[in-house]
$ cat coords-v3.txt   # compact mmCIF, C-alpha atoms
# COMPACT_ATOMS: atom_id res chain seq x y z
CA MET H 1 -29.96 6.24 111.27
CA LYS H 2 -29.81 7.40 114.87
CA LYS H 3 -26.64 7.12 116.87
CA ARG H 4 -27.21 4.54 119.60
CA VAL H 5 -27.06 5.92 123.12
CA ASN H 6 -25.89 3.55 125.84
CA TRP H 7 -27.51 3.87 129.25
CA ARG H 8 -25.07 4.24 132.10
CA PRO H 9 -25.89 1.40 134.53
CA TYR H 10 -25.37 3.43 137.72
CA ILE H 11 -27.60 6.25 136.51
CA ALA H 12 -30.25 3.81 135.26
CA GLY H 13 -30.06 1.92 138.59
CA ALA H 14 -30.44 5.15 140.55
CA LEU H 15 -33.44 6.13 138.42
CA VAL H 16 -35.03 2.72 139.02
CA GLY H 17 -34.50 3.26 142.76
CA VAL H 18 -36.16 6.68 142.61
CA LEU H 19 -39.03 5.24 140.56
CA ALA H 20 -39.46 2.34 143.00
CA THR H 21 -39.53 4.74 145.94
CA LEU H 22 -42.09 6.96 144.22
CA SER H 23 -44.22 3.92 143.34
CA VAL H 24 -44.22 2.88 147.00
CA ILE H 25 -45.28 6.37 148.10
CA VAL H 26 -47.98 6.65 145.45
CA SER H 27 -49.37 3.15 145.93
CA THR H 28 -49.30 3.07 149.74
CA GLN H 29 -49.91 6.70 150.67
CA ALA H 30 -51.93 8.11 147.78
CA LEU H 31 -53.84 4.96 146.81
CA GLY H 32 -53.99 3.45 150.30
CA LYS H 33 -52.71 0.02 149.24
CA THR H 34 -50.93 -2.26 151.70
CA GLN H 35 -48.83 -3.83 148.96
CA PHE H 36 -47.04 -2.50 145.92
CA LEU H 37 -45.37 -3.74 142.77
CA GLY H 38 -46.62 -6.99 141.39
CA ALA H 39 -47.65 -8.03 137.96
CA SER H 40 -48.78 -11.64 138.03
CA THR H 41 -52.34 -10.75 139.07
CA THR H 42 -52.49 -8.20 136.28
CA PHE H 43 -51.76 -10.78 133.59
CA VAL H 44 -54.44 -13.06 135.00
CA ARG H 45 -56.89 -10.15 134.91
CA ALA H 46 -55.89 -9.39 131.32
CA ALA H 47 -56.67 -13.01 130.47
CA GLY H 48 -60.00 -12.45 132.24
CA PHE H 49 -60.73 -9.54 129.88
CA VAL H 50 -60.18 -11.81 126.89
CA GLU H 51 -62.23 -14.60 128.44
CA GLN H 52 -64.99 -12.12 129.29
CA ALA H 53 -65.27 -11.22 125.61
CA VAL H 54 -65.60 -14.89 124.64
CA ASP H 55 -67.64 -16.33 127.53
CA PRO H 56 -68.81 -13.72 130.07
CA GLU H 57 -70.91 -16.24 132.00
CA HIS H 58 -67.86 -18.39 132.70
CA VAL H 59 -66.01 -15.38 134.15
CA LYS H 60 -68.99 -14.57 136.39
CA LYS H 61 -68.90 -18.11 137.81
CA ASN H 62 -65.10 -18.48 138.04
CA PRO H 63 -64.09 -18.63 141.74
CA TYR H 64 -60.87 -16.71 141.10
CA PHE H 65 -62.65 -13.83 139.37
CA LEU H 66 -65.25 -13.70 142.16
CA LYS H 67 -62.36 -12.86 144.51
CA GLU H 68 -60.16 -10.87 142.09
CA LYS H 69 -62.45 -8.80 139.88
CA VAL H 70 -61.64 -8.30 136.20
CA LYS H 71 -60.81 -4.62 136.25
CA ILE H 72 -58.32 -1.99 135.21
CA ASP H 73 -56.51 -0.86 138.34
CA TRP H 74 -53.20 0.77 139.21
CA GLN H 75 -51.29 -2.51 138.69
CA PHE H 76 -52.79 -2.94 135.23
CA MET H 77 -51.81 0.62 134.33
CA LEU H 78 -48.31 0.00 135.76
CA ILE H 79 -47.81 -2.88 133.32
CA VAL H 80 -49.04 -0.75 130.41
CA GLY H 81 -46.67 2.01 131.57
CA ILE H 82 -43.72 -0.39 131.74
CA PHE H 83 -44.38 -1.47 128.16
CA LEU H 84 -44.75 2.11 126.90
CA GLY H 85 -41.72 3.31 128.88
CA ALA H 86 -39.52 0.50 127.54
CA LEU H 87 -40.74 1.21 124.00
CA ALA H 88 -40.03 4.94 124.39
CA ALA H 89 -36.55 4.25 125.81
CA ALA H 90 -35.71 1.86 122.95
CA LEU H 91 -36.95 4.35 120.36
CA LEU H 92 -35.06 7.23 121.97
CA ASP H 93 -31.72 5.40 122.23
CA GLY H 94 -32.04 3.86 118.77
CA SER H 95 -31.99 0.23 119.91
CA PHE H 96 -35.56 -0.66 118.88
CA LYS H 97 -35.87 -3.36 116.26
CA ILE H 98 -38.36 -6.08 115.50
CA GLU H 99 -36.67 -9.44 115.75
CA ALA H 100 -38.55 -12.73 115.52
CA VAL H 101 -35.52 -14.82 116.46
CA PRO H 102 -32.69 -13.15 118.43
CA PRO H 103 -29.13 -13.94 117.27
CA VAL H 104 -28.17 -15.83 120.45
CA TRP H 105 -31.26 -18.06 120.05
CA ARG H 106 -30.60 -18.55 116.33
CA GLU H 107 -27.00 -19.60 117.06
CA ARG H 108 -28.09 -22.22 119.59
CA PHE H 109 -31.42 -23.50 118.23
CA GLY H 110 -31.66 -22.31 114.61
CA GLY H 111 -33.88 -19.76 112.95
CA SER H 112 -37.29 -21.39 113.40
CA ILE H 113 -39.84 -18.75 114.40
CA GLY H 114 -42.28 -21.50 115.42
CA LEU H 115 -39.81 -23.12 117.83
CA ARG H 116 -38.97 -19.73 119.33
CA ALA H 117 -42.69 -18.91 119.75
CA VAL H 118 -43.47 -22.26 121.38
CA ALA H 119 -40.48 -21.92 123.75
CA ALA H 120 -41.46 -18.35 124.68
CA PHE H 121 -45.08 -19.39 125.27
CA ALA H 122 -44.06 -22.40 127.37
CA GLY H 123 -41.64 -20.24 129.36
CA GLY H 124 -44.41 -17.74 129.99
CA ILE H 125 -46.70 -20.50 131.24
CA VAL H 126 -44.04 -21.80 133.62
CA ALA H 127 -43.30 -18.26 134.87
CA MET H 128 -46.96 -17.45 135.45
CA PHE H 129 -47.58 -20.79 137.17
CA GLY H 130 -44.64 -20.11 139.47
CA ALA H 131 -45.83 -16.57 140.16
CA ARG H 132 -49.34 -17.75 141.02
CA LEU H 133 -47.97 -20.64 143.10
CA ALA H 134 -45.73 -18.23 145.05
CA ASP H 135 -48.61 -15.74 145.35
CA GLY H 136 -46.56 -13.06 143.66
CA CYS H 137 -44.05 -12.34 140.96
CA PRO H 138 -40.30 -11.66 141.13
CA SER H 139 -40.88 -7.91 141.26
CA GLY H 140 -43.22 -8.35 144.21
CA HIS H 141 -41.08 -10.80 146.15
CA GLY H 142 -37.65 -9.63 145.06
CA LEU H 143 -37.70 -5.92 144.38
CA SER H 144 -40.40 -4.95 146.86
CA GLY H 145 -38.81 -7.18 149.48
CA LEU H 146 -35.40 -5.60 148.91
CA MET H 147 -36.87 -2.11 149.19
CA GLN H 148 -38.18 -3.13 152.60
CA LEU H 149 -34.86 -4.83 153.49
CA SER H 150 -36.83 -8.03 154.01
CA VAL H 151 -34.82 -11.23 154.53
CA SER H 152 -37.33 -13.11 152.39
CA GLY H 153 -36.83 -10.53 149.62
CA PHE H 154 -33.08 -11.15 149.63
CA ILE H 155 -33.61 -14.92 149.60
CA ALA H 156 -36.22 -14.71 146.82
CA LEU H 157 -34.04 -12.50 144.63
CA ALA H 158 -31.00 -14.75 145.16
CA CYS H 159 -33.12 -17.77 144.15
CA PHE H 160 -34.48 -15.96 141.05
CA PHE H 161 -30.97 -14.94 140.02
CA GLY H 162 -29.54 -18.41 140.66
CA ALA H 163 -32.35 -20.17 138.77
CA GLY H 164 -31.97 -17.73 135.87
CA ALA H 165 -28.21 -18.26 135.70
CA LEU H 166 -28.66 -22.04 135.86
CA MET H 167 -31.28 -22.03 133.09
CA ALA H 168 -29.15 -19.75 130.90
CA ALA H 169 -26.19 -22.09 131.40
CA LEU H 170 -28.31 -25.14 130.50
CA VAL H 171 -30.07 -23.58 127.52
CA TYR H 172 -27.15 -21.68 126.02
CA ARG H 173 -24.24 -23.99 126.89
CA SER H 174 -21.96 -24.56 123.94
CA ARG H 175 -22.22 -27.78 121.98
CA GLY H 176 -19.09 -29.90 122.02
CA GLY H 177 -17.04 -28.03 124.61
CA ALA H 178 -15.70 -24.53 125.09
CA ARG H 179 -15.86 -21.93 122.37
$ encode --input "coords-v3.txt" --output "structure tokens"
Amino acid sequence: MKKRVNWRPYIAGALVGVLATLSVIVSTQALGKTQFLGASTTFVRAAGFVEQAVDPEHVKKNPYFLKEKVKIDWQFMLIVGIFLGALAAALLDGSFKIEAVPPVWRERFGGSIGLRAVAAFAGGIVAMFGARLADGCPSGHGLSGLMQLSVSGFIALACFFGAGALMAALVYRSRGGAR
């Protein structure tokens, strides 16, 4: 068994800052994009790939996919890279494990894999609906906005953090008072 390595938050934060800066340079200067960071469109395109395999004619007629082509682009590869990078980090520091129901969920809602799957799926739907409604995801509005010192980025990130804290408090509040 590997000894678990804990990431130092200041070093990890500094590395994220360097990575964000490099992603801005690469996406705006090297790739000539006017915007950077953003994943919600990528997930919709991934769904388009699946739909294309099932019903290609529907994708050809879909108004959204006429505007946003189903393609593999730099954003799609960024999402794949995030997954592979997170997997590599978890494997390297020894924290990787497959867990159908996390302990904090099990303590609050029980060990039902089905309930956990339904809740995760529903949460994903709500998150994607919000991202499409806002015309961008938290990384686009929050992180990219902060990197540009945008007032709207600060407001968006404060709202994301506040909503997340509120939901965590509602979902994971203790039953019957303080613990």
$ closest_residue --input "coords-v3.txt" --among "H:Arg45, H:His141, H:Arg116, H:Arg173" --to "Ala158 in chain H" --atoms "only C-alpha atoms"
H:His141
$ atom_distance --input "coords-v3.txt" --atom1 "CA of Pro138 in chain H" --atom2 "CA of Gln52 in chain H"
27.4 Å
$ residues_around --input "coords-v3.txt" --residues "Pro102 in chain H" --least-positions-apart "2" --cutoff "12 Å" --atoms "only C-alpha atoms" --output "CSV table (one decimal) with C-alpha atoms, keeping the file's coordinate frame"
chain,number,residue,atom,x,y,z
H,97,LYS,CA,-35.9,-3.4,116.3
H,98,ILE,CA,-38.4,-6.1,115.5
H,99,GLU,CA,-36.7,-9.4,115.8
H,100,ALA,CA,-38.6,-12.7,115.5
H,104,VAL,CA,-28.2,-15.8,120.4
H,105,TRP,CA,-31.3,-18.1,120.0
H,106,ARG,CA,-30.6,-18.6,116.3
H,107,GLU,CA,-27.0,-19.6,117.1
H,108,ARG,CA,-28.1,-22.2,119.6
H,109,PHE,CA,-31.4,-23.5,118.2
H,110,GLY,CA,-31.7,-22.3,114.6
H,111,GLY,CA,-33.9,-19.8,113.0
H,112,SER,CA,-37.3,-21.4,113.4
H,113,ILE,CA,-39.8,-18.8,114.4
H,116,ARG,CA,-39.0,-19.7,119.3
H,117,ALA,CA,-42.7,-18.9,119.8
H,120,ALA,CA,-41.5,-18.4,124.7
$ closest_atom_pairs --input "coords-v3.txt" --of "range 52-157 of chain H" --to "range 5-21 of chain H" --cutoff "12 Å" --atoms "all atoms listed in the file" --output "JSON lines"
{"residue": "H:Leu78", "atom": "CA", "partner": "H:Ala20", "partner_atom": "CA", "distance": 11.7}
{"residue": "H:Ile82", "atom": "CA", "partner": "H:Leu19", "partner_atom": "CA", "distance": 11.5}
{"residue": "H:Ala89", "atom": "CA", "partner": "H:Trp7", "partner_atom": "CA", "distance": 9.7}
{"residue": "H:Ala90", "atom": "CA", "partner": "H:Val5", "partner_atom": "CA", "distance": 9.6}
{"residue": "H:Leu91", "atom": "CA", "partner": "H:Val5", "partner_atom": "CA", "distance": 10.4}
{"residue": "H:Leu92", "atom": "CA", "partner": "H:Val5", "partner_atom": "CA", "distance": 8.2}
{"residue": "H:Asp93", "atom": "CA", "partner": "H:Val5", "partner_atom": "CA", "distance": 4.8}
{"residue": "H:Gly94", "atom": "CA", "partner": "H:Val5", "partner_atom": "CA", "distance": 6.9}
{"residue": "H:Ser95", "atom": "CA", "partner": "H:Val5", "partner_atom": "CA", "distance": 8.2}
{"residue": "H:Phe96", "atom": "CA", "partner": "H:Val5", "partner_atom": "CA", "distance": 11.6}
{"residue": "H:Ser139", "atom": "CA", "partner": "H:Ala20", "partner_atom": "CA", "distance": 10.5}
{"residue": "H:Gly140", "atom": "CA", "partner": "H:Ala20", "partner_atom": "CA", "distance": 11.4}
{"residue": "H:Leu143", "atom": "CA", "partner": "H:Ala20", "partner_atom": "CA", "distance": 8.6}
{"residue": "H:Ser144", "atom": "CA", "partner": "H:Ala20", "partner_atom": "CA", "distance": 8.3}
{"residue": "H:Gly145", "atom": "CA", "partner": "H:Ala20", "partner_atom": "CA", "distance": 11.5}
{"residue": "H:Leu146", "atom": "CA", "partner": "H:Ala20", "partner_atom": "CA", "distance": 10.7}
{"residue": "H:Met147", "atom": "CA", "partner": "H:Thr21", "partner_atom": "CA", "distance": 8.0}
{"residue": "H:Gln148", "atom": "CA", "partner": "H:Thr21", "partner_atom": "CA", "distance": 10.4}
$ atom_distance --input "coords-v3.txt" --atom1 "CA of Met128 in chain H" --atom2 "CA of Ala88 in chain H"
25.9 Å
$ atom_distance --input "coords-v3.txt" --atom1 "CA of Phe161 in chain H" --atom2 "CA of Val26 in chain H"
28.0 Å
$ closest_residue --input "coords-v3.txt" --among "H:Leu22, H:Ala169, H:Ala163, H:Ile72" --to "Ala127 in chain H" --atoms "only C-alpha atoms"
H:Ala163
$ closest_residue --input "coords-v3.txt" --among "H:Lys69, H:Leu115, H:Phe160, H:Phe76" --to "Gly130 in chain H" --atoms "only C-alpha atoms"
H:Phe160
$ residues_around --input "coords-v3.txt" --residues "Ala46 in chain H" --least-positions-apart "4" --cutoff "8 Å" --atoms "only C-alpha atoms" --output "ChimeraX atom specification"
/H:42,50,70
$ closest_residue --input "coords-v3.txt" --among "H:Gly48, H:Phe121, H:Ser152, H:Met77" --to "Asn62 in chain H" --atoms "all atoms listed in the file"
H:Gly48
$ axis_aligned_box --input "coords-v3.txt" --around "range 123-132 of chain H" --padding-each-side "3 Å" --output "AutoDock Vina command-line options"
--center_x -45.5 --center_y -19.2 --center_z 135.2 --size_x 13.7 --size_y 11.2 --size_z 17.7
